[in-house]
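Chemist: Compact mmCIF, C-alpha atoms, saved as data.txt, coming up:
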# COMPACT_ATOMS: atom_id res chain seq x y z
CA MET Y 1419 -18.17 69.89 30.45
CA THR Y 1420 -17.89 73.62 30.06
CA THR Y 1421 -15.12 74.69 27.73
CA LEU Y 1422 -11.75 75.10 29.38
CA ALA Y 1423 -10.21 78.51 28.93
CA ALA Y 1424 -6.46 78.90 29.09
CA THR Y 1425 -3.79 81.49 28.72
CA ARG Y 1426 -0.42 80.38 27.47
CA GLY Y 1427 2.66 82.48 27.93
CA HIS Y 1428 5.50 82.73 25.45
CA THR Y 1429 8.00 84.42 27.74
CA ALA Y 1430 9.77 83.25 30.89
CA SER Y 1431 6.45 81.85 32.08
CA ALA Y 1432 6.04 79.73 28.93
CA GLY Y 1433 5.76 76.63 31.07
CA ARG Y 1434 2.77 77.96 33.01
CA MET Y 1435 -0.73 77.05 31.93
CA GLU Y 1436 -3.59 78.88 33.54
CA LEU Y 1437 -7.01 77.26 33.32
CA SER Y 1438 -10.23 79.02 34.24
CA LEU Y 1439 -12.80 76.64 35.66
CA ASN Y 1440 -16.29 77.18 37.02
CA SER Y 1441 -15.57 74.42 39.55
CA LEU Y 1442 -13.02 71.70 40.14
CA SER Y 1443 -15.51 69.11 38.92
CA GLN Y 1444 -14.82 70.32 35.35
CA LEU Y 1445 -11.31 68.94 35.64
CA TYR Y 1446 -12.40 65.40 36.54
CA ASN Y 1447 -14.19 62.54 34.83
CA SER Y 1448 -17.77 62.74 36.07
CA LEU Y 1449 -18.25 58.95 35.69
CA ASP Y 1450 -15.34 58.13 38.02
CA ALA Y 1451 -16.70 57.16 41.43
CA SER Y 1452 -13.28 57.36 43.13
CA PRO Y 1453 -12.71 59.80 45.98
CA PHE Y 1454 -12.04 63.36 44.85
CA TYR Y 1455 -8.25 63.16 45.21
CA ALA Y 1456 -8.06 59.87 43.23
CA LYS Y 1457 -10.36 60.70 40.32
CA ASP Y 1458 -9.28 60.44 36.71
CA LEU Y 1459 -9.01 63.68 34.79
CA ASP Y 1460 -11.66 64.43 32.23
CA ALA Y 1461 -10.50 63.20 28.79
CA HIS Y 1462 -10.94 66.68 27.30
CA ALA Y 1463 -8.96 68.28 30.12
CA GLU Y 1464 -6.16 65.74 29.72
CA GLN Y 1465 -5.98 66.31 25.95
CA PHE Y 1466 -6.03 70.07 26.51
CA ILE Y 1467 -3.10 69.82 28.93
CA LEU Y 1468 -1.19 67.40 26.68
CA SER Y 1469 -1.58 69.70 23.67
CA TRP Y 1470 -0.09 72.49 25.78
CA VAL Y 1471 2.88 70.32 26.76
CA ASP Y 1472 3.44 69.31 23.12
CA GLU Y 1473 4.02 72.98 22.24
CA LEU Y 1474 6.76 73.48 24.84
CA PRO Y 1475 10.45 72.64 24.73
CA ARG Y 1476 11.37 69.67 26.95
CA GLU Y 1477 13.60 71.72 29.25
CA VAL Y 1478 10.86 74.18 30.29
CA ALA Y 1479 9.56 73.64 33.83
CA LEU Y 1480 5.80 73.14 33.92
CA SER Y 1481 3.24 74.68 36.23
CA LEU Y 1482 -0.53 74.52 36.20
CA VAL Y 1483 -2.61 77.29 37.73
CA LEU Y 1484 -6.32 76.57 38.16
CA HIS Y 1485 -8.49 79.68 38.53
CA LEU Y 1486 -11.74 78.65 40.22
CA ARG Y 1487 -14.88 80.74 39.90
CA ASP Y 1488 -16.62 78.93 42.75
CA GLY Y 1489 -14.49 80.55 45.41
CA PRO Y 1490 -11.34 80.25 47.45
CA THR Y 1491 -9.72 76.95 48.27
CA SER Y 1492 -8.20 75.62 51.46
CA PRO Y 1493 -4.58 74.46 51.72
CA VAL Y 1494 -5.88 70.92 52.26
CA GLN Y 1495 -7.94 71.05 49.07
CA GLN Y 1496 -5.00 72.54 47.21
CA ALA Y 1497 -2.74 69.70 48.39
CA GLU Y 1498 -5.36 67.06 47.47
CA VAL Y 1499 -5.83 68.46 43.98
CA ALA Y 1500 -2.06 68.69 43.36
CA HIS Y 1501 -1.55 65.16 44.71
CA GLY Y 1502 -4.43 63.83 42.59
CA ILE Y 1503 -3.12 65.43 39.39
CA HIS Y 1504 0.41 64.17 40.09
CA GLN Y 1505 -0.86 60.65 40.80
CA TYR Y 1506 -3.03 60.64 37.68
CA PHE Y 1507 -0.15 61.59 35.39
CA ALA Y 1508 2.22 59.19 37.20
CA GLN Y 1509 -0.29 56.41 36.50
CA ARG Y 1510 -0.51 57.49 32.85
CA GLU Y 1511 3.31 57.41 32.70
CA ARG Y 1512 3.27 53.80 34.00
CA ILE Y 1513 0.62 52.84 31.43
CA ALA Y 1514 2.61 54.46 28.61
CA GLY Y 1515 5.73 52.65 29.83
CA GLY Y 1516 3.81 49.36 29.79
CA ARG Y 1517 2.64 50.03 26.24
CA LEU Y 1518 6.21 50.80 25.20
CA GLN Y 1519 7.47 47.58 26.79
CA ALA Y 1520 4.68 45.59 25.09
CA LEU Y 1521 5.57 47.13 21.72
CA LEU Y 1522 9.27 46.34 22.17
CA ARG Y 1523 8.36 42.77 23.21
CA GLN Y 1524 6.23 42.50 20.05
CA GLY Y 1525 9.21 43.85 18.12
CA ARG Y 1526 11.51 41.14 19.55
CA ILE Y 1527 9.02 38.40 18.70
CA SER Y 1528 8.43 39.86 15.22
CA LEU Y 1529 12.18 40.12 14.68
CA ALA Y 1530 12.76 36.48 15.65
CA ILE Y 1531 9.94 35.30 13.38
CA GLY Y 1532 11.06 37.62 10.57
CA LEU Y 1533 14.70 36.51 10.76
CA GLY Y 1534 13.67 32.85 10.76
CA PHE Y 1535 11.40 33.38 7.78
CA LEU Y 1536 14.04 35.44 5.95
CA ALA Y 1537 16.68 32.76 6.51
CA SER Y 1538 14.29 30.07 5.23
CA CYS Y 1539 13.44 32.15 2.16
CA LEU Y 1540 17.10 32.85 1.37
CA VAL Y 1541 18.02 29.18 1.71
CA ALA Y 1542 15.10 28.18 -0.56
CA SER Y 1543 16.03 30.95 -2.99
CA GLU Y 1544 19.60 29.64 -3.16
CA ALA Y 1545 18.22 26.16 -3.82
CA MET Y 1546 16.16 27.58 -6.68
CA ALA Y 1547 19.29 29.26 -8.07
CA THR Y 1548 20.84 25.83 -8.70
CA ILE Y 1549 18.12 25.20 -11.28
CA ARG Y 1550 19.42 27.88 -13.63
CA GLU Y 1551 17.74 26.90 -16.87
CA ALA Y 1552 14.15 26.98 -15.55
CA LEU Y 1553 12.47 30.40 -15.65
CA TRP Y 1554 9.95 29.33 -13.02
CA ALA Y 1555 12.79 28.52 -10.61
CA GLN Y 1556 14.35 31.95 -11.11
CA LEU Y 1557 10.98 33.66 -10.53
CA LEU Y 1558 10.30 31.57 -7.45
CA GLY Y 1559 13.80 32.22 -6.10
CA GLN Y 1560 13.44 35.99 -6.54
CA SER Y 1561 9.93 35.91 -5.05
CA LEU Y 1562 11.22 34.08 -1.98
CA THR Y 1563 13.98 36.66 -1.50
CA VAL Y 1564 11.49 39.52 -1.72
CA ALA Y 1565 9.02 37.76 0.60
CA GLY Y 1566 11.77 37.18 3.17
CA TRP Y 1567 12.73 40.85 3.24
CA VAL Y 1568 9.10 41.98 3.34
CA ALA Y 1569 8.68 39.85 6.48
CA MET Y 1570 11.28 42.11 8.13
CA TRP Y 1571 9.13 45.20 7.53
CA ARG Y 1572 7.18 45.12 10.81
CA PRO Y 1573 10.13 44.53 13.17
CA LEU Y 1574 12.06 47.31 11.46
CA GLU Y 1575 9.06 49.62 11.63
CA ILE Y 1576 8.72 48.97 15.37
CA TYR Y 1577 12.41 49.52 16.13
CA LEU Y 1578 12.92 52.48 13.81
CA TYR Y 1579 9.67 54.43 14.17
CA ASP Y 1580 6.82 53.10 16.33
CA TRP Y 1581 8.47 53.36 19.75
CA TRP Y 1582 9.30 57.08 19.53
CA PRO Y 1583 5.76 58.46 20.07
CA LEU Y 1584 5.17 56.14 23.04
CA ARG Y 1585 8.45 57.15 24.66
CA ARG Y 1586 7.76 60.84 24.03
CA ARG Y 1587 4.30 60.54 25.62
CA GLN Y 1588 5.76 58.65 28.59
CA LEU Y 1589 8.23 61.52 29.14
CA ASP Y 1590 5.40 64.07 28.82
CA TYR Y 1591 3.42 62.25 31.50
CA ARG Y 1592 6.51 62.17 33.73
CA ARG Y 1593 6.90 65.93 33.37
CA LEU Y 1594 3.22 66.46 34.14
CA SER Y 1595 3.41 64.22 37.21
CA ARG Y 1596 6.06 66.56 38.62
CA MET Y 1597 4.68 69.98 37.63
CA SER Y 1598 3.63 72.49 40.22
CA VAL Y 1599 -0.14 72.81 40.65
CA GLU Y 1600 -1.77 75.83 42.21
CA LEU Y 1601 -5.41 76.69 42.88
CA ARG Y 1602 -6.56 80.31 42.96
CA ALA Y 1603 -9.88 82.05 43.26
CA ALA Y 1604 -10.85 83.49 39.87
CA GLY Y 1605 -9.73 87.06 39.42
CA LYS Y 1606 -6.67 86.75 41.67
CA THR Y 1607 -3.36 87.16 39.94
CA HIS Y 1608 0.03 86.22 41.20
CA GLY Y 1609 3.29 87.84 40.01
Have the structure of the file written as structure tokens, please.

Modeler:
Amino acid sequence: MTTLAATRGHTASAGRMELSLNSLSQLYNSLDASPFYAKDLDAHAEQFILSWVDELPREVALSLVLHLRDGPTSPVQQAEVAHGIHQYFAQRERIAGGRLQALLRQGRISLAIGLGFLASCLVASEAMATIREALWAQLLGQSLTVAGWVAMWRPLEIYLYDWWPLRRRQLDYRRLSRMSVELRAAGKTHG
């Protein structure tokens, strides 16, 4: 794929990304045999667009302007491209939502297992505490307490940290699925 060129504004048009393409085929995955309007975006193009979105505040409205060197486009082609891009990012939003749900489900299962293991370890640790004079019992009791709390590490990690990036990406995809998309012949500017 030829390198994508973009201009990024930092004024009122900060939410507008302008890509210069030799042809629309640069935007799409060349291995995807789907019809033109249902093709997946090229992985590099998607990452390029996502990196742009990551730089913008969440409240900024997004628009994508594609400058095509291979000539003017028809209103039908413009509608197909916009629809295809919207559908692609809507699908990515659904996938990200599914990943988030799977992670939270894993968190619930991990939490149930972790709480069960922690309770067992604390009960065993208390049993070891009744044997006060034996050093081995004290060591084993403390080890069980530590092991029980370590088992809670993964559920806490999921619920405190791991879900944030997935949710943020899901919201980015939602924004991209609703952005305005415009095709222009290269060299044409629009106020």

Chemist: Can you measure atom CA of Y:Glu1575 to atom CA of Y:Gln1519 for me? One decimal in Å is fine.

Modeler: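 Rounded to one decimal, the two atoms are 15.4 Å apart.
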
Chemist: Skipping near chain neighbours, those fewer than 3 positions away, what residues fall within 8 Å of stretch 1592-1603 of chain Y using only C-alpha atoms, listed as number ranges by chain?

Modeler: Y: 1479-1491, 1496, 1499-1500, 1503-1508, 1511, 1588-1589, 1606

Chemist: Find the residues near stretch 1536-1546 of chain Y: any atom within 9 Å, counting only C-alpha atoms, skip ones fewer than 4 places away on the same chain, and give them as a PyMOL selection string.

Modeler: chain Y and resi 1531-1532+1550+1555-1570

Chemist: Between Y:Leu1521, Y:Ala1497, Y:Ala1552, Y:Ala1463, which one has atoms that come closest to Y:Leu1439, using all atoms listed in the file?

Modeler: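 Answer, going by the shortest atom-to-atom distance: Y:Ala1463.
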
Chemist: Which residue is closest to Y:Gln1509? Choose from Y:Arg1586, Y:Trp1571, Y:Asp1458, Y:Leu1468 and count all atoms listed in the file.

Modeler: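 Looking at the shortest contact to Y:Gln1509, the residue is Y:Asp1458.
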
Chemist: Let me know the centre plus edge lengths, in Å and rounded to one decimal, of a box with edges along x, y and z that contains all listed atoms of stretch 1548-1560 of chain Y and is padded by 8 Å on every side, as JSON.

Modeler:
{"center_x": 15.4, "center_y": 30.6, "center_z": -11.5, "size_x": 26.9, "size_y": 26.8, "size_z": 26.8}

Chemist: Of the candidates Y:Ile1527, Y:Ile1549, Y:Val1494, Y:Leu1522, which shows the shortest atom-to-atom distance to Y:Ile1576, using all atoms listed in the file?

Modeler: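 Of the candidates, the smallest distance to Y:Ile1576 is held by Y:Leu1522.
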
Chemist: What is the atom CA of Y:Arg1572-atom CA of Y:Ala1530 distance in Å, reported with one decimal?

Modeler: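 Distance reported for this atom pair: 11.4 Å.
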
Chemist: Find the residue from Y:Leu1574, Y:Leu1442, Y:Leu1584, Y:Leu1553 that sits nearest to Y:Ala1514; use all atoms listed in the file when measuring.

Modeler: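 Selected residue with least distance to Y:Ala1514: Y:Leu1584.
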
Chemist: To one decimal place, how far is atom CA of Y:Gly1433 from atom CA of Y:Pro1583 in Å?

Modeler: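 That distance, rounded to one decimal, is 21.2 Å.
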
Chemist: Measuring atom to atom with all atoms listed in the file, identify which of Y:Tyr1446, Y:Trp1581, Y:Trp1554, Y:Phe1535 is nearest to Y:Gly1502.

Modeler: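 Going through Y:Tyr1446, Y:Trp1581, Y:Trp1554, Y:Phe1535 one by one, the smallest distance to Y:Gly1502 is for Y:Tyr1446.
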
Chemist: Between Y:Leu1529, Y:Ala1604, Y:Pro1573, Y:Trp1582, which is the closest to Y:Arg1517 once you count all atoms listed in the file?

Modeler: Y:Trp1582

Chemist: Near Y:Val1471, within 10 Å and counting only C-alpha atoms, which residues show up once chain neighbours fewer than 2 positions away are dropped, as a list of chain:residue names?

Modeler: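 Counting only the stated atoms, we get Y:Gly1433, Y:Arg1434, Y:Met1435, Y:Gln1465, Y:Phe1466, Y:Ile1467, Y:Leu1468, Y:Ser1469, Y:Glu1473, Y:Leu1474, Y:Pro1475, Y:Arg1476, Y:Val1478, Y:Leu1480, Y:Arg1587, Y:Asp1590, Y:Tyr1591, Y:Arg1593, Y:Leu1594.
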